Amino acid sequence: MINTNTHVLKKLFKAVALSSSILAVTLPNSVIAKEYQPTWESLDSRETPQWFGEAKFGIFIHWGLYSVPAFSTRGSYSEWYWHAKDGDQSGKHAAATGRATDVNAFHDENYGKDFEYKDFRKDFKAEMFDPEHWAKVFKRSGAKYVVLTSKHHDGYTLFPSKEASESFGMPWNSVDSGPKRDLTGDLTKAVRSEGLKMGLYYSIWDWFNPYWPEAEQPTTGAKRKSGLPQEGRKKYINEVMYPQFKQIVNDYEPSVIFSDGDWWMDDEKWETKPMLAWLYNNAPNKDEVVINDRWGKVRGKHGGYMTTEYGSGFEDPNILWEENRGIGKSFGLNRVETYDDYNSSQLLTFMLVDIVSRGGNFLLDIGPTADGRIPVIMEDRLIEVGKWLEVNGEAIYGTKRWQTDAQWSEGERIQYTKKDFHHGVPDPIFEMSIMPRPGQAVKELYFTRKADTLFAFMPKWPGNTLTIKNVKLSQNSTIAMLGSDKAVNWQQKGDNIEVDLSGFGINDVTNTYMNTLKITKASAVK
């Protein structure tokens, strides 16, 4: 009996060994897990998960201790309150001296000179925070993903972090102080219950972490960029940044990691590449997680997708990118802002279409109040964009660039600056479409596509006839107006399509602005 069993076992082991060798030979490379190395060559070889490029629209949230004063110079970032109050304003931050003057005057008048930034913890209560309501608003906005500031540059975390509290020498997270709850965990659960992706913003830089004093940070003048001690930097990276990063990845499995605070020091000193190799190799959701390009002077060069901020994105059709901005002029809530500082739902919709037509994603920011409410004007803007997407989302989600992102009229194509996109009145998006300067060229149409279906967005009603240039249709092609059951007649004229809209009245269209034509079996004229 023993001999028989031994013989059977030997045959079984041989069969298993043979099967293993066959699997090793026949399994495709895509099935065999790749081990990523801490080099950009290796990290950039990873394909960004497909879901991100198809999502197109996300919601950004800046919320923290800075939401208590909620103040900055009009047109500037309120989330920089602590740095404006107590930070070094020379060198790279010299342009912020005006903001520092305003913030200190405001602070002294309303809180007193002896009131420190840390004292805002007692007023950051989030007592009105309803994560389920937030998530429902985000769902109604039509967004497909959400990104919350789990930690901004002040180092205060919205999740339980012993590293934050130990390094600052006081309770420095939302569980041990302030709201006394895991704000990140509560919102993550609510957002995912609505079927949306949940991401996290994480600042790799703490302005004033005692482990790494500001005086040792090479953020300002040339004299301070050499000969600085490295012990503080290494202590901060190894005892704060690394463990916090791993904690949020393991505890919350963020679909997006939006890094920030990187721009003034290179990736070698930030030591971010080993952290990203760990992420790609070990994250619980490593096949889903997406990263941006803010890892130490590598913006626009390395990462899962590229970012612009209050800008206009990238023109290169081969780049996966995302533009992020607030509804107003600040990311965090700024109580100085008025109605005129907030973008209208029409302009936000135009921004979305413009960005998506050029191959980008739009991450639109809100700044909640310290007690945990989304300001009503922000809710309004999100829900109005969502109403437009209910009708036109088919032309946004999962689309790609057409051979050209827009059809231009004759005239001068004006080149705009980042300042124009942040503070321009009227906004460059409107000037390039419906409110041009004399002699300025405008975008008559924006385009997106899915396979051989072309979508043409009309920033203004073209009248009875619309000409779409350099498009060929077949006998079986159809044209429809999204949101309308009314037939759309057309005819091919050379390399162009002439679309008859004479039968459409005000009651035949769903949108008050930016109507969309769906054109099937379309091919581009090269």
# chains A, B, ... in the order shown; residues from 1 in each chain; ligands from 1
call {"tool": "residues_around", "arguments": {"residues": "region 285-292 of chain A", "least_positions_apart": "6", "cutoff": "8 Å", "atoms": "only C-alpha atoms", "output": "PDB file with N, CA and C atoms, in the first residue's frame"}}
result
ATOM      1  N   THR A  48      -1.015  53.697 -18.236  1.00  0.00           N
ATOM      2  CA  THR A  48      -2.003  54.268 -17.319  1.00  0.00           C
ATOM      3  C   THR A  48      -3.318  53.534 -17.492  1.00  0.00           C
ATOM      4  N   PRO A  49      -3.917  53.055 -16.403  1.00  0.00           N
ATOM      5  CA  PRO A  49      -5.192  52.333 -16.512  1.00  0.00           C
ATOM      6  C   PRO A  49      -6.214  53.085 -17.364  1.00  0.00           C
ATOM      7  N   PHE A  52      -9.057  56.047 -16.524  1.00  0.00           N
ATOM      8  CA  PHE A  52      -8.814  57.457 -16.278  1.00  0.00           C
ATOM      9  C   PHE A  52      -9.025  58.290 -17.541  1.00  0.00           C
ATOM     10  N   GLU A 253      -6.946  52.663  -0.668  1.00  0.00           N
ATOM     11  CA  GLU A 253      -6.831  52.197  -2.058  1.00  0.00           C
ATOM     12  C   GLU A 253      -7.290  53.258  -3.057  1.00  0.00           C
ATOM     13  N   PRO A 254      -6.691  54.445  -3.009  1.00  0.00           N
ATOM     14  CA  PRO A 254      -7.146  55.515  -3.904  1.00  0.00           C
ATOM     15  C   PRO A 254      -6.964  55.163  -5.375  1.00  0.00           C
ATOM     16  N   SER A 255      -7.972  55.490  -6.168  1.00  0.00           N
ATOM     17  CA  SER A 255      -7.907  55.232  -7.608  1.00  0.00           C
ATOM     18  C   SER A 255      -6.964  56.219  -8.286  1.00  0.00           C
ATOM     19  N   VAL A 256      -6.852  57.421  -7.717  1.00  0.00           N
ATOM     20  CA  VAL A 256      -5.943  58.461  -8.207  1.00  0.00           C
ATOM     21  C   VAL A 256      -5.095  58.933  -7.036  1.00  0.00           C
ATOM     22  N   ILE A 257      -3.800  59.140  -7.286  1.00  0.00           N
ATOM     23  CA  ILE A 257      -2.956  59.814  -6.306  1.00  0.00           C
ATOM     24  C   ILE A 257      -2.437  61.091  -6.966  1.00  0.00           C
ATOM     25  N   PHE A 258      -2.919  62.214  -6.434  1.00  0.00           N
ATOM     26  CA  PHE A 258      -2.530  63.524  -6.943  1.00  0.00           C
ATOM     27  C   PHE A 258      -1.467  64.080  -6.001  1.00  0.00           C
ATOM     28  N   SER A 259      -0.204  63.924  -6.369  1.00  0.00           N
ATOM     29  CA  SER A 259       0.895  64.442  -5.564  1.00  0.00           C
ATOM     30  C   SER A 259       1.060  65.934  -5.827  1.00  0.00           C
ATOM     31  N   LEU A 279       4.568  51.434  -4.971  1.00  0.00           N
ATOM     32  CA  LEU A 279       3.142  51.567  -5.295  1.00  0.00           C
ATOM     33  C   LEU A 279       2.758  50.634  -6.431  1.00  0.00           C
ATOM     34  N   GLY A 303       5.343  60.420 -15.210  1.00  0.00           N
ATOM     35  CA  GLY A 303       4.152  60.154 -14.411  1.00  0.00           C
ATOM     36  C   GLY A 303       3.069  59.509 -15.252  1.00  0.00           C
ATOM     37  N   GLY A 304       1.957  59.181 -14.603  1.00  0.00           N
ATOM     38  CA  GLY A 304       0.864  58.519 -15.320  1.00  0.00           C
ATOM     39  C   GLY A 304       0.075  59.460 -16.197  1.00  0.00           C
ATOM     40  N   TYR A 305      -0.065  60.721 -15.772  1.00  0.00           N
ATOM     41  CA  TYR A 305      -0.689  61.750 -16.604  1.00  0.00           C
ATOM     42  C   TYR A 305      -0.087  63.094 -16.218  1.00  0.00           C
ATOM     43  N   MET A 306      -0.172  64.067 -17.115  1.00  0.00           N
ATOM     44  CA  MET A 306       0.428  65.375 -16.912  1.00  0.00           C
ATOM     45  C   MET A 306      -0.634  66.370 -16.427  1.00  0.00           C
ATOM     46  N   THR A 307      -0.179  67.391 -15.710  1.00  0.00           N
ATOM     47  CA  THR A 307      -1.133  68.333 -15.111  1.00  0.00           C
ATOM     48  C   THR A 307      -0.839  69.774 -15.490  1.00  0.00           C
TER      49      THR A 307
END
call {"tool": "closest_atom_pairs", "arguments": {"of": "region 124-166 of chain A", "to": "region 64-87 of chain A", "cutoff": "10 Å", "atoms": "only C-alpha atoms", "output": "Markdown table"}}
result
| residue | atom | partner | partner_atom | distance |
| --- | --- | --- | --- | --- |
| A:Phe124 | CA | A:Leu65 | CA | 6.0 |
| A:Lys125 | CA | A:Val68 | CA | 9.3 |
| A:Ala126 | CA | A:Gly64 | CA | 9.7 |
| A:Thr149 | CA | A:Gly64 | CA | 7.9 |
| A:Ser150 | CA | A:Gly64 | CA | 8.7 |
| A:Lys151 | CA | A:Gly64 | CA | 8.1 |
| A:His152 | CA | A:Gly64 | CA | 7.8 |
| A:His153 | CA | A:Trp80 | CA | 8.0 |
| A:Asp154 | CA | A:Trp82 | CA | 7.2 |
| A:Gly155 | CA | A:Gly64 | CA | 10.0 |
| A:Tyr156 | CA | A:Gly64 | CA | 7.4 |
| A:Thr157 | CA | A:Gly64 | CA | 8.1 |
| A:Leu158 | CA | A:Gly64 | CA | 7.4 |
call {"tool": "closest_residue", "arguments": {"among": "A:Pro131, A:Gly411, A:Gly359, A:Gly58", "to": "Arg437 (chain A)", "atoms": "only C-alpha atoms"}}
result
A:Gly411
call {"tool": "residues_around", "arguments": {"residues": "region 510-519 of chain A", "least_positions_apart": "5", "cutoff": "9 Å", "atoms": "only C-alpha atoms", "output": "PyMOL selection string"}}
result
chain A and resi 346+349-350+353+388+391-392+395+452-461+473+477-484
call {"tool": "residues_around", "arguments": {"residues": "Lys34 (chain A)", "least_positions_apart": "6", "cutoff": "10 Å", "atoms": "only C-alpha atoms", "output": "list of chain:residue names"}}
result
A:Ser42, A:Arg46, A:Tyr280, A:Asn281
call {"tool": "select_by_dssp", "arguments": {"residues": "region 20-170 of chain A", "states": "helix (DSSP H, G or I)", "output": "ChimeraX atom specification"}}
result
/A:20-26,40-43,50-55,65-67,78-86,91-110,117-123,131-141,162-168
call {"tool": "residues_around", "arguments": {"residues": "Gln492 (chain A)", "least_positions_apart": "2", "cutoff": "12 Å", "atoms": "only C-alpha atoms", "output": "VMD selection string"}}
result
chain A and resid 466 to 475 477 to 478 489 to 490 494 to 500 522
call {"tool": "decode", "arguments": {"residues": "region 399-441 of chain A", "atoms": "N, CA and C atoms", "output": "short mmCIF file (atom, residue, chain, number, x, y, z; two decimals), in the first residue's frame"}}
result
data_model
loop_
_atom_site.label_atom_id
_atom_site.label_comp_id
_atom_site.auth_asym_id
_atom_site.auth_seq_id
_atom_site.Cartn_x
_atom_site.Cartn_y
_atom_site.Cartn_z
N THR A 399 -14.47 59.31 -25.00
CA THR A 399 -14.17 59.79 -26.34
C THR A 399 -12.68 60.06 -26.52
N LYS A 400 -12.31 60.25 -27.78
CA LYS A 400 -10.93 60.59 -28.13
C LYS A 400 -10.93 61.83 -29.03
N ARG A 401 -9.74 62.35 -29.27
CA ARG A 401 -9.63 63.51 -30.16
C ARG A 401 -9.96 63.12 -31.59
N TRP A 402 -10.62 64.03 -32.28
CA TRP A 402 -10.80 63.92 -33.72
C TRP A 402 -9.49 64.35 -34.36
N GLN A 403 -9.40 64.32 -35.69
CA GLN A 403 -8.15 64.73 -36.34
C GLN A 403 -7.78 66.18 -36.00
N THR A 404 -8.79 66.97 -35.68
CA THR A 404 -8.58 68.32 -35.19
C THR A 404 -9.55 68.55 -34.05
N ASP A 405 -9.13 69.33 -33.03
CA ASP A 405 -10.01 69.49 -31.87
C ASP A 405 -11.13 70.50 -32.13
N ALA A 406 -10.95 71.37 -33.13
CA ALA A 406 -11.95 72.42 -33.36
C ALA A 406 -11.93 72.88 -34.81
N GLN A 407 -13.03 73.45 -35.24
CA GLN A 407 -13.12 74.11 -36.55
C GLN A 407 -13.07 75.61 -36.30
N TRP A 408 -12.04 76.24 -36.86
CA TRP A 408 -11.81 77.66 -36.63
C TRP A 408 -12.37 78.52 -37.76
N SER A 409 -12.79 79.71 -37.39
CA SER A 409 -13.17 80.71 -38.39
C SER A 409 -11.91 81.42 -38.87
N GLU A 410 -12.08 82.30 -39.83
CA GLU A 410 -10.97 83.15 -40.26
C GLU A 410 -10.68 84.18 -39.17
N GLY A 411 -9.46 84.68 -39.13
CA GLY A 411 -9.10 85.72 -38.17
C GLY A 411 -7.83 85.39 -37.42
N GLU A 412 -7.50 86.23 -36.46
CA GLU A 412 -6.28 86.08 -35.67
C GLU A 412 -6.51 85.09 -34.53
N ARG A 413 -5.61 84.11 -34.40
CA ARG A 413 -5.67 83.17 -33.28
C ARG A 413 -4.76 83.70 -32.17
N ILE A 414 -5.38 84.22 -31.13
CA ILE A 414 -4.64 84.87 -30.05
C ILE A 414 -4.02 83.83 -29.13
N GLN A 415 -2.78 84.06 -28.72
CA GLN A 415 -2.08 83.20 -27.78
C GLN A 415 -2.28 83.74 -26.36
N TYR A 416 -2.85 82.93 -25.49
CA TYR A 416 -3.15 83.36 -24.13
C TYR A 416 -2.11 82.84 -23.14
N THR A 417 -1.94 83.56 -22.03
CA THR A 417 -1.01 83.17 -20.98
C THR A 417 -1.76 82.47 -19.85
N LYS A 418 -0.99 81.87 -18.93
CA LYS A 418 -1.58 81.26 -17.75
C LYS A 418 -2.36 82.30 -16.94
N LYS A 419 -1.82 83.52 -16.86
CA LYS A 419 -2.51 84.58 -16.13
C LYS A 419 -3.87 84.88 -16.77
N ASP A 420 -3.92 84.86 -18.09
CA ASP A 420 -5.19 85.09 -18.79
C ASP A 420 -6.22 84.03 -18.39
N PHE A 421 -5.77 82.76 -18.33
CA PHE A 421 -6.70 81.68 -18.00
C PHE A 421 -7.13 81.72 -16.55
N HIS A 422 -6.33 82.34 -15.68
CA HIS A 422 -6.69 82.43 -14.27
C HIS A 422 -7.55 83.67 -13.99
N HIS A 423 -7.20 84.79 -14.61
CA HIS A 423 -7.83 86.06 -14.24
C HIS A 423 -8.48 86.81 -15.40
N GLY A 424 -8.45 86.25 -16.62
CA GLY A 424 -8.96 86.97 -17.78
C GLY A 424 -10.43 87.30 -17.71
N VAL A 425 -10.79 88.50 -18.13
CA VAL A 425 -12.19 88.92 -18.23
C VAL A 425 -12.36 89.61 -19.58
N PRO A 426 -13.17 89.05 -20.50
CA PRO A 426 -13.80 87.75 -20.35
C PRO A 426 -12.77 86.61 -20.41
N ASP A 427 -13.20 85.44 -20.00
CA ASP A 427 -12.31 84.29 -20.00
C ASP A 427 -11.88 83.94 -21.42
N PRO A 428 -10.62 83.50 -21.62
CA PRO A 428 -10.16 83.12 -22.97
C PRO A 428 -11.05 82.09 -23.66
N ILE A 429 -11.68 81.19 -22.88
CA ILE A 429 -12.55 80.18 -23.48
C ILE A 429 -13.73 80.84 -24.18
N PHE A 430 -14.30 81.87 -23.56
CA PHE A 430 -15.39 82.61 -24.19
C PHE A 430 -14.89 83.45 -25.35
N GLU A 431 -13.73 84.08 -25.18
CA GLU A 431 -13.19 84.91 -26.28
C GLU A 431 -12.93 84.06 -27.52
N MET A 432 -12.50 82.82 -27.32
CA MET A 432 -12.20 81.94 -28.46
C MET A 432 -13.43 81.28 -29.04
N SER A 433 -14.62 81.61 -28.53
CA SER A 433 -15.82 80.94 -29.04
C SER A 433 -16.97 81.90 -29.29
N ILE A 434 -17.46 82.57 -28.26
CA ILE A 434 -18.68 83.36 -28.43
C ILE A 434 -18.52 84.85 -28.14
N MET A 435 -17.37 85.28 -27.61
CA MET A 435 -17.17 86.69 -27.27
C MET A 435 -15.83 87.18 -27.80
N PRO A 436 -15.59 87.07 -29.10
CA PRO A 436 -14.27 87.41 -29.65
C PRO A 436 -13.99 88.91 -29.67
N ARG A 437 -12.70 89.22 -29.68
CA ARG A 437 -12.27 90.60 -29.92
C ARG A 437 -12.43 90.89 -31.41
N PRO A 438 -12.42 92.14 -31.81
CA PRO A 438 -12.52 92.46 -33.25
C PRO A 438 -11.42 91.76 -34.04
N GLY A 439 -11.79 91.05 -35.09
CA GLY A 439 -10.83 90.38 -35.95
C GLY A 439 -10.29 89.07 -35.43
N GLN A 440 -10.79 88.62 -34.27
CA GLN A 440 -10.27 87.39 -33.67
C GLN A 440 -10.94 86.16 -34.26
N ALA A 441 -10.16 85.11 -34.52
CA ALA A 441 -10.70 83.83 -34.95
C ALA A 441 -11.40 83.15 -33.77
#
